[in-house]
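Notes for the one structure printed next.
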2 protein chains.
Amino acid sequence: MDPDLSPLDDYLDEAGLDGYLVDADSSDSTQRYLSGFDAPDPFVTLYTPETTALLVSALEYGRANRQSRADEVSRLADYDYRSLAGEHGPKAAKARVVAAWLDDRGVDDVATPERFPLGPADRLRERDVSVAHETEDVVTEVRARKTDEEIEHIRAAQRANEAAMDAAADLLRDAEISGQDGKRVLAVDGDALTSERVREEIEVTLLRHGCALDETIVACGADAADPHDRGSGPLRPDEPIIVDIFPRSKETKYHADMTRTFVKGEPTDTLREWFDLTHEALAAARDAIEPGVTGAAVHDIVCDVYEDAGLPTLRSDPKSETGFIHSTGHGVGLDVHELPRLSPDGDELRPGHVVTVEPGLYDPEVGGVRIEDLVVVTEGGSENLTRQPIELQI
Amino acid sequence: MDPDLSPLDDYLDEAGLDGYLVDADSSDSTQRYLSGFDAPDPFVTLYTPETTALLVSALEYGRANRQSRADEVSRLADYDYRSLAGEHGPKAAKARVVAAWLDDRGVDDVATPERFPLGPADRLRERDVSVAHETEDVVTEVRARKTDEEIEHIRAAQRANEAAMDAAADLLRDAEISGQDGKRVLAVDGDALTSERVREEIEVTLLRHGCALDETIVACGADAADPHDRGSGPLRPDEPIIVDIFPRSKETKYHADMTRTFVKGEPTDTLREWFDLTHEALAAARDAIEPGVTGAAVHDIVCDVYEDAGLPTLRSDPKSETGFIHSTGHGVGLDVHELPRLSPDGDELRPGHVVTVEPGLYDPEVGGVRIEDLVVVTEGGSENLTRQPIELQI
């Protein structure tokens, strides 16, 4: 799939630059997007409006020729890297090779991503290559607007995600409540049902559906009051259990993202109220999403719902440690977190943007609630890519 | 676990610098090592010989206080980030906040890792903070020497790795050979046994043993001739199948690494010869590993074994695309690839270094063979952390 990189062409033209340089491995999504190449160690991509060129090691050379989207592939040995390294050391040799390779292409003035590595940048500058990080997030903005094919990749990953969420819900639903008051836990076959067990079931399900992921959140009670706490230990009845899964398709590399909150047993009145309020905030935010609306405006809608009910948000108190203490959402694609943002600095939404909508409330005295869907902005408004039901009691 | 960072203290002292600055998420091993903190989005760590300080978002503040190894944790809101962002934009605001936070600590002259992000570095420089990437890989060198606790983490990950390799070997061993000459494939229960199926079994086994990983190599025949080809499609009898697994412990974040090559059926004479030669090179390299020997010398030993048998290596022909076309090994720890290197520029080995030893031979006409163990350098020599048997026919 070829991306539409005309915004990058325009940027280079307006800035009077020769090309866009990337030095990263393919876990860096800008690198993956521009090169179309999967490699575990850093390599170099030069993008110009005329051509995309890669500079790789001997090990990657064959595969880069076959699998990348580059028009030309060079290798370090083409520029005598090994003997230069013997003379100057590997880092200085690499800089000489890159400078010579750029010079062969008539390039001495490049823009780079925000997070281009400092050492290689400074060494190219010493060799009279002008290196400036571009300030406009150009490639990140390009990547934020998904093609139909990319949206299908994300939709497929969300389908896998739903199978995993179902597996988690099934485990919770089938669990028994065992133990005495004050020490009651969920149990399966006589053993306590733990975060770790549910996490394992989620991850095995995702693997069997072609997805990988690093961390899943299965957080119960007070653990759920910290939005990034992964959760651990036995799960308990009558307390909220937040399950947040953000898988990556192993084949396409695109992510999906979804959160549901469950209670096995009887939620407190406060928890029930928080769940309903969060569901209301989610629906209000989803309804507001359409081209032209800003991410900041969508985030404000969620803050309005919570503040109107008397709950703190980071808008009403930037140092609050309880209530709605994060942003409303983020882009999802090759990265789990990308543009656009549904946050105080969130820009205008446009067709092809894929964003999470994830209001939540947190307080160690209550626990936590979060409900997250994944939507794509369309010409006419938005489409929810998530079909998972939303219900508190399991 | 507290690392021994005295080499970093010495570096800062000799260079006359105030501190070491890192801007990265915890997938960056320098960040993970210095901060002791797991977080999916970039945050800032300042290391000085007296203190380690973190600068994080509101979302991470509570968890950073509880879980990191920092002496002090600040958050962006402490420096009025939100209103600065409204006035100057998020990136410029972040730079102002970091500069003020450094200034509060009497720091205006920092070293950074090689791959510190260019945008933040240049913006700090504009605010009169001196930012220079350090050229000596100091933290990477520190991380390369593992404490006893780290070695146990790696050993445990290799135990999980062996369970996964056994699962792969069992699938191959129990497979039937089906089909006609020229189109024979391995099959299980009537279906072709594919790379993908074996990979899934490996990954599920690893998950059940508490490990995650991104990619496993299960490459057959001509696919095996490209050292980084993950492999795909039906596996075939009489051809080499390279299985290379590099899991990460989900709890400790430490990696292990192992490769075995199998043939189901009858290997060709060339393949058998290549396997025996590779096993010989592996044993010779392992035997040579002890404190004081360089990685370059160990790599040379492997090149000697192959070249003496008439096979090309990158030493005898830097542009060769067949034969021994990669280095002998690399460090393993929080990263899959770290220092030290068993390669032409490999430095002196020291106790606590953990390295792979992975000779291999590749040619599309023959396939590929690689056998990889993982060893730790000890005071008296080395210890093999790998117990998996080495045998070609399964």
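Residues are named by chain letter and number: chains run A, B, ... in the order of the structure tokens, numbers start at 1 in each chain, and ligands are numbered from 1 in the order shown.
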
Step one, run DSSP on the backbone; step two, keep only residues of segment 165-211 of chain A assigned to strand (DSSP E or B); then write them as a compact mmCIF listing (two decimals) with N, CA, C and O atoms, in the first residue's frame.
# COMPACT_ATOMS: atom_id res chain seq x y z
N GLU A 176 -16.77 -18.51 40.24
CA GLU A 176 -17.59 -18.55 41.45
C GLU A 176 -17.08 -17.50 42.42
O GLU A 176 -15.93 -17.07 42.33
N ILE A 177 -17.94 -17.13 43.36
CA ILE A 177 -17.51 -16.24 44.43
C ILE A 177 -17.24 -17.11 45.64
O ILE A 177 -18.11 -17.85 46.09
N SER A 178 -16.00 -17.04 46.12
CA SER A 178 -15.66 -17.95 47.23
C SER A 178 -15.02 -17.16 48.37
O SER A 178 -14.52 -16.05 48.18
N VAL A 185 -13.12 -13.77 47.09
CA VAL A 185 -12.44 -13.64 45.80
C VAL A 185 -13.22 -14.41 44.75
O VAL A 185 -14.06 -15.26 45.06
N LEU A 186 -12.88 -14.12 43.48
CA LEU A 186 -13.42 -14.92 42.38
C LEU A 186 -12.55 -16.16 42.26
O LEU A 186 -11.33 -16.10 42.48
N ALA A 187 -13.17 -17.29 41.91
CA ALA A 187 -12.40 -18.53 41.81
C ALA A 187 -12.88 -19.37 40.63
O ALA A 187 -14.06 -19.32 40.26
N VAL A 188 -11.94 -20.08 40.03
CA VAL A 188 -12.24 -21.01 38.95
C VAL A 188 -11.61 -22.35 39.32
O VAL A 188 -10.41 -22.41 39.61
N ASP A 191 -9.35 -22.51 42.39
CA ASP A 191 -8.23 -21.58 42.50
C ASP A 191 -8.70 -20.15 42.32
O ASP A 191 -9.58 -19.88 41.50
N ALA A 192 -8.07 -19.24 43.06
CA ALA A 192 -8.41 -17.83 42.89
C ALA A 192 -8.19 -17.42 41.44
O ALA A 192 -7.18 -17.80 40.82
N THR A 194 -7.07 -14.76 39.04
CA THR A 194 -6.19 -13.59 39.19
C THR A 194 -6.17 -12.75 37.92
O THR A 194 -6.54 -13.22 36.83
N CYS A 211 -2.73 -11.72 16.62
CA CYS A 211 -2.32 -10.45 17.22
C CYS A 211 -1.33 -10.68 18.35
O CYS A 211 -1.35 -11.71 19.01

Practice task
Show me which bits of chain A are within 6 Å of chain B, counting only C-alpha atoms, as a list in words.
Solution key: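 Only these qualify: Glu114, Arg115, Phe116, Pro117, Leu118, Gly119, His133 and Val204 of chain A.
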
Could you give me, as a PDB file with N, CA, C and O atoms, in the first residue's frame, the residues within 12 Å of segment 13-19 of chain A, counting only C-alpha atoms and dropping anything in the same chain fewer than 3 positions from it?
ATOM      1  N   SER A   6       1.891  13.520  -0.275  1.00  0.00           N
ATOM      2  CA  SER A   6       1.968  14.878  -0.832  1.00  0.00           C
ATOM      3  C   SER A   6       2.130  15.962   0.237  1.00  0.00           C
ATOM      4  O   SER A   6       2.842  16.940  -0.007  1.00  0.00           O
ATOM      5  N   PRO A   7       1.539  15.835   1.429  1.00  0.00           N
ATOM      6  CA  PRO A   7       1.846  16.854   2.453  1.00  0.00           C
ATOM      7  C   PRO A   7       3.342  16.924   2.782  1.00  0.00           C
ATOM      8  O   PRO A   7       3.864  18.004   3.070  1.00  0.00           O
ATOM      9  N   LEU A   8       4.029  15.791   2.727  1.00  0.00           N
ATOM     10  CA  LEU A   8       5.471  15.809   2.998  1.00  0.00           C
ATOM     11  C   LEU A   8       6.209  16.469   1.837  1.00  0.00           C
ATOM     12  O   LEU A   8       7.129  17.277   2.040  1.00  0.00           O
ATOM     13  N   ASP A   9       5.804  16.165   0.607  1.00  0.00           N
ATOM     14  CA  ASP A   9       6.376  16.840  -0.560  1.00  0.00           C
ATOM     15  C   ASP A   9       6.199  18.364  -0.443  1.00  0.00           C
ATOM     16  O   ASP A   9       7.146  19.135  -0.687  1.00  0.00           O
ATOM     17  N   ASP A  10       4.997  18.773  -0.063  1.00  0.00           N
ATOM     18  CA  ASP A  10       4.732  20.216   0.074  1.00  0.00           C
ATOM     19  C   ASP A  10       5.626  20.825   1.142  1.00  0.00           C
ATOM     20  O   ASP A  10       6.161  21.925   0.980  1.00  0.00           O
ATOM     21  N   VAL A  22      15.363   9.487   7.874  1.00  0.00           N
ATOM     22  CA  VAL A  22      14.917   8.735   9.054  1.00  0.00           C
ATOM     23  C   VAL A  22      15.982   7.708   9.416  1.00  0.00           C
ATOM     24  O   VAL A  22      16.506   7.027   8.543  1.00  0.00           O
ATOM     25  N   THR A  45      16.521   5.708   5.965  1.00  0.00           N
ATOM     26  CA  THR A  45      15.642   5.956   4.820  1.00  0.00           C
ATOM     27  C   THR A  45      15.759   7.412   4.417  1.00  0.00           C
ATOM     28  O   THR A  45      15.720   8.304   5.272  1.00  0.00           O
ATOM     29  N   LEU A  46      15.932   7.650   3.125  1.00  0.00           N
ATOM     30  CA  LEU A  46      15.880   9.013   2.578  1.00  0.00           C
ATOM     31  C   LEU A  46      14.652   9.110   1.693  1.00  0.00           C
ATOM     32  O   LEU A  46      14.511   8.354   0.726  1.00  0.00           O
ATOM     33  N   TYR A  47      13.762  10.030   2.043  1.00  0.00           N
ATOM     34  CA  TYR A  47      12.580  10.280   1.216  1.00  0.00           C
ATOM     35  C   TYR A  47      12.751  11.607   0.494  1.00  0.00           C
ATOM     36  O   TYR A  47      13.019  12.640   1.118  1.00  0.00           O
ATOM     37  N   THR A  48      12.613  11.582  -0.845  1.00  0.00           N
ATOM     38  CA  THR A  48      12.468  12.823  -1.602  1.00  0.00           C
ATOM     39  C   THR A  48      11.210  12.673  -2.445  1.00  0.00           C
ATOM     40  O   THR A  48      10.729  11.552  -2.635  1.00  0.00           O
ATOM     41  N   PRO A  49      10.661  13.772  -2.951  1.00  0.00           N
ATOM     42  CA  PRO A  49       9.453  13.620  -3.771  1.00  0.00           C
ATOM     43  C   PRO A  49       9.672  12.704  -4.979  1.00  0.00           C
ATOM     44  O   PRO A  49       8.730  12.089  -5.457  1.00  0.00           O
ATOM     45  N   GLU A  50      10.929  12.576  -5.436  1.00  0.00           N
ATOM     46  CA  GLU A  50      11.187  11.750  -6.621  1.00  0.00           C
ATOM     47  C   GLU A  50      11.399  10.286  -6.270  1.00  0.00           C
ATOM     48  O   GLU A  50      11.100   9.400  -7.069  1.00  0.00           O
ATOM     49  N   THR A  51      11.995  10.026  -5.104  1.00  0.00           N
ATOM     50  CA  THR A  51      12.435   8.663  -4.847  1.00  0.00           C
ATOM     51  C   THR A  51      12.553   8.379  -3.359  1.00  0.00           C
ATOM     52  O   THR A  51      12.782   9.289  -2.561  1.00  0.00           O
ATOM     53  N   THR A  52      12.403   7.108  -2.990  1.00  0.00           N
ATOM     54  CA  THR A  52      12.677   6.663  -1.621  1.00  0.00           C
ATOM     55  C   THR A  52      13.850   5.704  -1.669  1.00  0.00           C
ATOM     56  O   THR A  52      13.827   4.731  -2.428  1.00  0.00           O
ATOM     57  N   ALA A  53      14.902   5.975  -0.878  1.00  0.00           N
ATOM     58  CA  ALA A  53      16.115   5.158  -0.887  1.00  0.00           C
ATOM     59  C   ALA A  53      16.416   4.658   0.520  1.00  0.00           C
ATOM     60  O   ALA A  53      16.205   5.377   1.497  1.00  0.00           O
ATOM     61  N   LEU A 102      24.246  10.416   0.818  1.00  0.00           N
ATOM     62  CA  LEU A 102      23.395  11.594   0.578  1.00  0.00           C
ATOM     63  C   LEU A 102      23.996  12.435  -0.541  1.00  0.00           C
ATOM     64  O   LEU A 102      23.288  12.911  -1.426  1.00  0.00           O
ATOM     65  N   ASP A 103      25.309  12.597  -0.502  1.00  0.00           N
ATOM     66  CA  ASP A 103      25.994  13.414  -1.509  1.00  0.00           C
ATOM     67  C   ASP A 103      25.793  12.835  -2.910  1.00  0.00           C
ATOM     68  O   ASP A 103      25.534  13.573  -3.868  1.00  0.00           O
ATOM     69  N   ARG A 105      23.294  11.509  -3.961  1.00  0.00           N
ATOM     70  CA  ARG A 105      21.915  11.800  -4.360  1.00  0.00           C
ATOM     71  C   ARG A 105      21.651  13.308  -4.411  1.00  0.00           C
ATOM     72  O   ARG A 105      20.504  13.729  -4.515  1.00  0.00           O
ATOM     73  N   GLY A 106      22.729  14.100  -4.322  1.00  0.00           N
ATOM     74  CA  GLY A 106      22.567  15.556  -4.392  1.00  0.00           C
ATOM     75  C   GLY A 106      21.852  16.139  -3.200  1.00  0.00           C
ATOM     76  O   GLY A 106      21.210  17.188  -3.293  1.00  0.00           O
ATOM     77  N   VAL A 107      21.965  15.477  -2.043  1.00  0.00           N
ATOM     78  CA  VAL A 107      21.224  15.922  -0.854  1.00  0.00           C
ATOM     79  C   VAL A 107      22.202  16.411   0.213  1.00  0.00           C
ATOM     80  O   VAL A 107      23.101  15.668   0.624  1.00  0.00           O
ATOM     81  N   ASP A 108      22.058  17.687   0.637  1.00  0.00           N
ATOM     82  CA  ASP A 108      22.902  18.132   1.763  1.00  0.00           C
ATOM     83  C   ASP A 108      22.098  18.937   2.787  1.00  0.00           C
ATOM     84  O   ASP A 108      22.678  19.585   3.664  1.00  0.00           O
ATOM     85  N   ASP A 109      20.763  18.847   2.706  1.00  0.00           N
ATOM     86  CA  ASP A 109      19.905  19.684   3.539  1.00  0.00           C
ATOM     87  C   ASP A 109      18.625  18.894   3.817  1.00  0.00           C
ATOM     88  O   ASP A 109      17.750  18.807   2.957  1.00  0.00           O
ATOM     89  N   VAL A 110      18.556  18.278   5.006  1.00  0.00           N
ATOM     90  CA  VAL A 110      17.431  17.380   5.263  1.00  0.00           C
ATOM     91  C   VAL A 110      16.597  17.816   6.470  1.00  0.00           C
ATOM     92  O   VAL A 110      17.101  18.465   7.395  1.00  0.00           O
ATOM     93  N   ALA A 111      15.322  17.445   6.423  1.00  0.00           N
ATOM     94  CA  ALA A 111      14.466  17.482   7.601  1.00  0.00           C
ATOM     95  C   ALA A 111      14.406  16.063   8.167  1.00  0.00           C
ATOM     96  O   ALA A 111      14.611  15.085   7.444  1.00  0.00           O
ATOM     97  N   THR A 112      14.189  15.972   9.464  1.00  0.00           N
ATOM     98  CA  THR A 112      14.096  14.662  10.121  1.00  0.00           C
ATOM     99  C   THR A 112      12.865  14.648  11.022  1.00  0.00           C
ATOM    100  O   THR A 112      12.316  15.695  11.345  1.00  0.00           O
ATOM    101  N   PRO A 113      12.473  13.469  11.469  1.00  0.00           N
ATOM    102  CA  PRO A 113      11.414  13.418  12.484  1.00  0.00           C
ATOM    103  C   PRO A 113      11.890  14.087  13.783  1.00  0.00           C
ATOM    104  O   PRO A 113      13.096  14.218  14.024  1.00  0.00           O
ATOM    105  N   VAL A 129      26.306  18.361   6.523  1.00  0.00           N
ATOM    106  CA  VAL A 129      24.925  18.103   6.115  1.00  0.00           C
ATOM    107  C   VAL A 129      24.044  18.913   7.062  1.00  0.00           C
ATOM    108  O   VAL A 129      24.233  18.868   8.278  1.00  0.00           O
ATOM    109  N   SER A 130      23.136  19.674   6.528  1.00  0.00           N
ATOM    110  CA  SER A 130      22.239  20.442   7.368  1.00  0.00           C
ATOM    111  C   SER A 130      21.095  19.532   7.827  1.00  0.00           C
ATOM    112  O   SER A 130      20.407  18.917   7.009  1.00  0.00           O
ATOM    113  N   VAL A 131      20.929  19.392   9.135  1.00  0.00           N
ATOM    114  CA  VAL A 131      19.945  18.467   9.706  1.00  0.00           C
ATOM    115  C   VAL A 131      19.044  19.240  10.657  1.00  0.00           C
ATOM    116  O   VAL A 131      19.510  19.773  11.662  1.00  0.00           O
ATOM    117  N   ALA A 132      17.768  19.314  10.344  1.00  0.00           N
ATOM    118  CA  ALA A 132      16.837  20.019  11.222  1.00  0.00           C
ATOM    119  C   ALA A 132      15.607  19.157  11.436  1.00  0.00           C
ATOM    120  O   ALA A 132      15.006  18.661  10.488  1.00  0.00           O
ATOM    121  N   HIS A 133      15.231  18.966  12.720  1.00  0.00           N
ATOM    122  CA  HIS A 133      13.974  18.248  12.982  1.00  0.00           C
ATOM    123  C   HIS A 133      12.826  19.133  12.496  1.00  0.00           C
ATOM    124  O   HIS A 133      12.832  20.339  12.714  1.00  0.00           O
ATOM    125  N   GLU A 134      11.887  18.510  11.791  1.00  0.00           N
ATOM    126  CA  GLU A 134      10.765  19.325  11.338  1.00  0.00           C
ATOM    127  C   GLU A 134       9.779  19.465  12.482  1.00  0.00           C
ATOM    128  O   GLU A 134       9.662  18.580  13.319  1.00  0.00           O
ATOM    129  N   THR A 135       9.158  20.600  12.530  1.00  0.00           N
ATOM    130  CA  THR A 135       8.374  20.967  13.705  1.00  0.00           C
ATOM    131  C   THR A 135       6.881  20.741  13.513  1.00  0.00           C
ATOM    132  O   THR A 135       6.100  21.027  14.395  1.00  0.00           O
ATOM    133  N   GLU A 136       6.499  20.254  12.344  1.00  0.00           N
ATOM    134  CA  GLU A 136       5.063  20.233  12.061  1.00  0.00           C
ATOM    135  C   GLU A 136       4.464  18.840  12.103  1.00  0.00           C
ATOM    136  O   GLU A 136       3.323  18.645  11.703  1.00  0.00           O
TER     137      GLU A 136
END

Exercise for the section: Please identify which residues in segment 198-327 of chain B DSSP calls helix (DSSP H, G or I) from the backbone, and express them as number ranges by chain. Expected result: B: 198-208, 221-225, 269-288, 295-308

Expected file contents, prior selection, C-alpha atoms, as a PDB file, in the first residue's frame:
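File selection35.pdb, as written:
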ATOM      1  CA  VAL B 198       4.728 -23.732  14.643  1.00  0.00           C
ATOM      2  CA  ARG B 199       5.194 -20.044  15.466  1.00  0.00           C
ATOM      3  CA  GLU B 200       1.801 -19.913  17.135  1.00  0.00           C
ATOM      4  CA  GLU B 201       2.631 -22.956  19.264  1.00  0.00           C
ATOM      5  CA  ILE B 202       5.958 -21.415  20.285  1.00  0.00           C
ATOM      6  CA  GLU B 203       4.345 -18.138  21.222  1.00  0.00           C
ATOM      7  CA  VAL B 204       1.479 -19.658  23.198  1.00  0.00           C
ATOM      8  CA  THR B 205       4.001 -21.810  25.105  1.00  0.00           C
ATOM      9  CA  LEU B 206       6.067 -18.720  25.878  1.00  0.00           C
ATOM     10  CA  LEU B 207       2.981 -16.836  27.065  1.00  0.00           C
ATOM     11  CA  ARG B 208       2.064 -19.644  29.410  1.00  0.00           C
ATOM     12  CA  GLY B 221      14.703 -24.382   2.927  1.00  0.00           C
ATOM     13  CA  ALA B 222      15.384 -21.344   0.740  1.00  0.00           C
ATOM     14  CA  ASP B 223      13.667 -19.084   3.300  1.00  0.00           C
ATOM     15  CA  ALA B 224      16.314 -20.240   5.786  1.00  0.00           C
ATOM     16  CA  ALA B 225      18.997 -18.885   3.424  1.00  0.00           C
ATOM     17  CA  ASP B 269      25.224 -34.530   2.431  1.00  0.00           C
ATOM     18  CA  THR B 270      26.007 -30.805   2.081  1.00  0.00           C
ATOM     19  CA  LEU B 271      23.485 -29.907   4.745  1.00  0.00           C
ATOM     20  CA  ARG B 272      24.847 -32.551   7.111  1.00  0.00           C
ATOM     21  CA  GLU B 273      28.363 -31.236   6.498  1.00  0.00           C
ATOM     22  CA  TRP B 274      27.229 -27.656   7.115  1.00  0.00           C
ATOM     23  CA  PHE B 275      25.500 -28.679  10.344  1.00  0.00           C
ATOM     24  CA  ASP B 276      28.569 -30.464  11.702  1.00  0.00           C
ATOM     25  CA  LEU B 277      30.838 -27.562  10.714  1.00  0.00           C
ATOM     26  CA  THR B 278      28.505 -25.085  12.416  1.00  0.00           C
ATOM     27  CA  HIS B 279      28.406 -27.218  15.548  1.00  0.00           C
ATOM     28  CA  GLU B 280      32.210 -27.309  15.488  1.00  0.00           C
ATOM     29  CA  ALA B 281      32.379 -23.508  15.073  1.00  0.00           C
ATOM     30  CA  LEU B 282      29.922 -23.063  17.968  1.00  0.00           C
ATOM     31  CA  ALA B 283      31.975 -25.289  20.271  1.00  0.00           C
ATOM     32  CA  ALA B 284      35.255 -23.599  19.312  1.00  0.00           C
ATOM     33  CA  ALA B 285      33.775 -20.149  19.928  1.00  0.00           C
ATOM     34  CA  ARG B 286      32.213 -21.150  23.268  1.00  0.00           C
ATOM     35  CA  ASP B 287      35.497 -22.689  24.407  1.00  0.00           C
ATOM     36  CA  ALA B 288      37.358 -19.477  23.625  1.00  0.00           C
ATOM     37  CA  GLY B 295      34.670 -10.339  20.725  1.00  0.00           C
ATOM     38  CA  ALA B 296      36.695  -9.808  17.562  1.00  0.00           C
ATOM     39  CA  ALA B 297      38.947 -12.780  18.406  1.00  0.00           C
ATOM     40  CA  VAL B 298      35.962 -15.055  19.059  1.00  0.00           C
ATOM     41  CA  HIS B 299      34.429 -14.038  15.720  1.00  0.00           C
ATOM     42  CA  ASP B 300      37.752 -14.745  14.015  1.00  0.00           C
ATOM     43  CA  ILE B 301      37.733 -18.290  15.410  1.00  0.00           C
ATOM     44  CA  VAL B 302      34.379 -18.947  13.751  1.00  0.00           C
ATOM     45  CA  CYS B 303      35.586 -17.430  10.471  1.00  0.00           C
ATOM     46  CA  ASP B 304      38.671 -19.691  10.675  1.00  0.00           C
ATOM     47  CA  VAL B 305      36.543 -22.845  11.010  1.00  0.00           C
ATOM     48  CA  TYR B 306      34.397 -21.926   8.011  1.00  0.00           C
ATOM     49  CA  GLU B 307      37.171 -20.601   5.769  1.00  0.00           C
ATOM     50  CA  ASP B 308      39.380 -23.638   6.499  1.00  0.00           C
TER      51      ASP B 308
END

Exercise for the section: Compile the contact shell of Thr378 of chain A as a PyMOL selection string: residues with an atom at most 8 Å away, counting only C-alpha atoms, same-chain residues fewer than 4 positions apart removed. Expected result: chain A and resi 290-291+350-352+382-383
